[in-house]
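Participant: Here it is, the structure, as structure tokens.
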Amino acid sequence: QGQLVESGGGSVQAGGSLRLSCDASGYTGSRSCMGWFRQAAGMEREMVAIIHIARRGTSYDDSVKGRFTISRDSAKDTGYLQMNSLRPEDEGMYSCAAIRNSWVGGCPLLPAYYDVWGQGTRVTVSS
């Protein structure tokens with residue numbers, strides 16, 4: 001069924017911006033929720049932002065609210081994470097993920113519910 005492919009990571013100074021992309025065009029399966037997760041060194045993977053593909057409802061971790069925006073271009077079948085006002089604590093490996101089956105209610109926040117993953121793209125923020 002293919003996979004998700006992330007891009008857009010890199011190194012920026014604190015206060016800078018990056019836009020991550022998640023190309024799902026090579027994934028032929030169905031999916032209901034899509035999310036961005038990050039994992040810092042020595043830490044568990046955590047939710048950054050999620051979006052319900054059909055209903056467009058979004059959720060964000062409190063630490064990124066007002067700074068990050070998740071979106072999706074259905075024509076390109078690509079998801080995005082616009083990250084502004086980056087902080088050193090935003091560093092990590094960012095991965096996009098999706099839930100293969102339909103999902104009733106709000107998209108789950110825990111990464112364990114997501115069963116399609118990309119390889120990740122690294123974000124480094126220097127102070």
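Residue numbers start at 1 in each chain; chains themselves are named A, B, ... in the order of the structure tokens; ligands are numbered from 1 in the order shown.
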For Val116 of chain A, please output as a tab-separated table (two decimals) with N, CA and C atoms, in the first residue's frame all residues within 7 Å (counting only C-alpha atoms; exclusion window: fewer than 6 positions along the same chain).

Facilitator:
chain	number	residue	atom	x	y	z
A	3	GLN	N	3.78	4.06	1.44
A	3	GLN	CA	4.05	4.66	2.74
A	3	GLN	C	3.94	6.17	2.64
A	97	ALA	N	1.97	10.30	10.35
A	97	ALA	CA	1.34	8.99	10.52
A	97	ALA	C	-0.13	9.10	10.21
A	98	ALA	N	-0.73	7.96	9.94
A	98	ALA	CA	-2.16	7.93	9.63
A	98	ALA	C	-2.79	6.69	10.24
A	99	ILE	N	-4.10	6.79	10.44
A	99	ILE	CA	-4.87	5.63	10.88
A	99	ILE	C	-5.50	5.01	9.66
A	100	ARG	N	-5.27	3.73	9.48
A	100	ARG	CA	-5.69	3.04	8.25
A	100	ARG	C	-7.20	2.94	8.11

Participant: Can you pull out the residues contacting segment 87-96 of chain A? Cut-off 9 Å, using only C-alpha atoms, and skip same-chain residues under 3 positions away; I want them as an MDAnalysis selection string.

Facilitator: chainID A and resid 4:6 9 13:16 20:22 34:41 45 48 63:64 79 84 116:127

Participant: So what do you get for atom CA of Asp23 of chain A versus atom CA of Ile70 of chain A, distance-wise?

Facilitator: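 Separating atom CA of Asp23 of chain A from atom CA of Ile70 of chain A is a distance of 13.7 Å.
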
Participant: List as a list in words the protein and nucleic acid residues near Arg67 of chain A, meaning an atom at most 8 Å away when only C-alpha atoms are counted, but skip any in the same chain fewer than 2 places from it.

Facilitator: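 The residues that qualify are Val64, Lys65, Thr69, Met83, Asn84, Ser85 and Leu86 of chain A.
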
Participant: Which of these, A:Ser71, A:Ser11, A:Thr78, A:Ser17, has the shortest distance to Ala49 of chain A once you count only C-alpha atoms?

Facilitator: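 The shortest atom-to-atom distance to Ala49 of chain A comes from A:Ser71.
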
Participant: Can you list, as a PyMOL selection string, every residue of chain A that DSSP puts in strand (DSSP E)?

Facilitator: chain A and resi 5-7+10-13+18-23+33-39+46-52+58-60+68-73+78-83+92-98+116-117+121-126

Participant: Excluding Arg56 of chain A and any residue of its chain fewer than 2 positions from it, enumerate the residues within 12 Å of it, using only C-alpha atoms, and give them as a ChimeraX atom specification.

Facilitator: /A:32-35,50-54,58-59,70-74,79,106-107

Participant: Dump C-alpha atoms for the selected residues as a PDB file, in the first residue's frame?

Facilitator:
ATOM      1  CA  SER A  32      -9.119   8.638   8.517  1.00  0.00           C
ATOM      2  CA  CYS A  33      -6.763  10.620  10.738  1.00  0.00           C
ATOM      3  CA  MET A  34      -3.340  12.040   9.985  1.00  0.00           C
ATOM      4  CA  GLY A  35      -0.928  13.397  12.486  1.00  0.00           C
ATOM      5  CA  ILE A  50      -3.474  15.833  14.188  1.00  0.00           C
ATOM      6  CA  ILE A  51      -6.214  16.336  11.613  1.00  0.00           C
ATOM      7  CA  HIS A  52      -9.289  14.327  10.715  1.00  0.00           C
ATOM      8  CA  ILE A  53      -9.043  13.900   6.961  1.00  0.00           C
ATOM      9  CA  ALA A  54     -12.768  14.071   6.217  1.00  0.00           C
ATOM     10  CA  THR A  58      -7.578  19.556  14.288  1.00  0.00           C
ATOM     11  CA  SER A  59      -5.889  19.123  17.649  1.00  0.00           C
ATOM     12  CA  ILE A  70      -1.493  21.369  10.439  1.00  0.00           C
ATOM     13  CA  SER A  71      -3.181  21.249   7.067  1.00  0.00           C
ATOM     14  CA  ARG A  72      -3.769  18.969   4.132  1.00  0.00           C
ATOM     15  CA  ASP A  73      -4.009  19.488   0.385  1.00  0.00           C
ATOM     16  CA  SER A  74      -6.403  16.805  -0.821  1.00  0.00           C
ATOM     17  CA  GLY A  79      -0.173  16.978   4.590  1.00  0.00           C
ATOM     18  CA  GLY A 106     -12.085  12.869  17.449  1.00  0.00           C
ATOM     19  CA  CYS A 107      -8.758  11.568  16.223  1.00  0.00           C
TER      20      CYS A 107
END

Participant: Under the rule that only C-alpha atoms are counted, which of A:Val12, A:Ala24, A:Leu18, A:Ala112 is the nearest residue to Lys76 of chain A?

Facilitator: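 Smallest separation from Lys76 of chain A among the options: A:Ala24.
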
Participant: Rank A:Leu109, A:Leu81, A:Ala75, A:Val104 by their smallest atom-to-atom distance to Asp61 of chain A, using only C-alpha atoms, and report the top residue only.

Facilitator: A:Leu109

Participant: Which distance in Å separates atom CA of Tyr60 of chain A and atom CA of Trp103 of chain A, to one decimal?

Facilitator: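 Here the two named atoms are 18.0 Å from each other.
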
Participant: Looking only at the backbone, which of the residues in segment 1-116 of chain A does DSSP tag as helix (DSSP H, G or I), as a ChimeraX atom specification?

Facilitator: /A:88-90,111-113

Participant: Kindly indicate which residue among A:Gly105, A:Ser7, A:Leu110, A:Asp115 lies nearest to Gly57 of chain A, using only C-alpha atoms for the distances.

Facilitator: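 The closest residue to Gly57 of chain A is A:Gly105.
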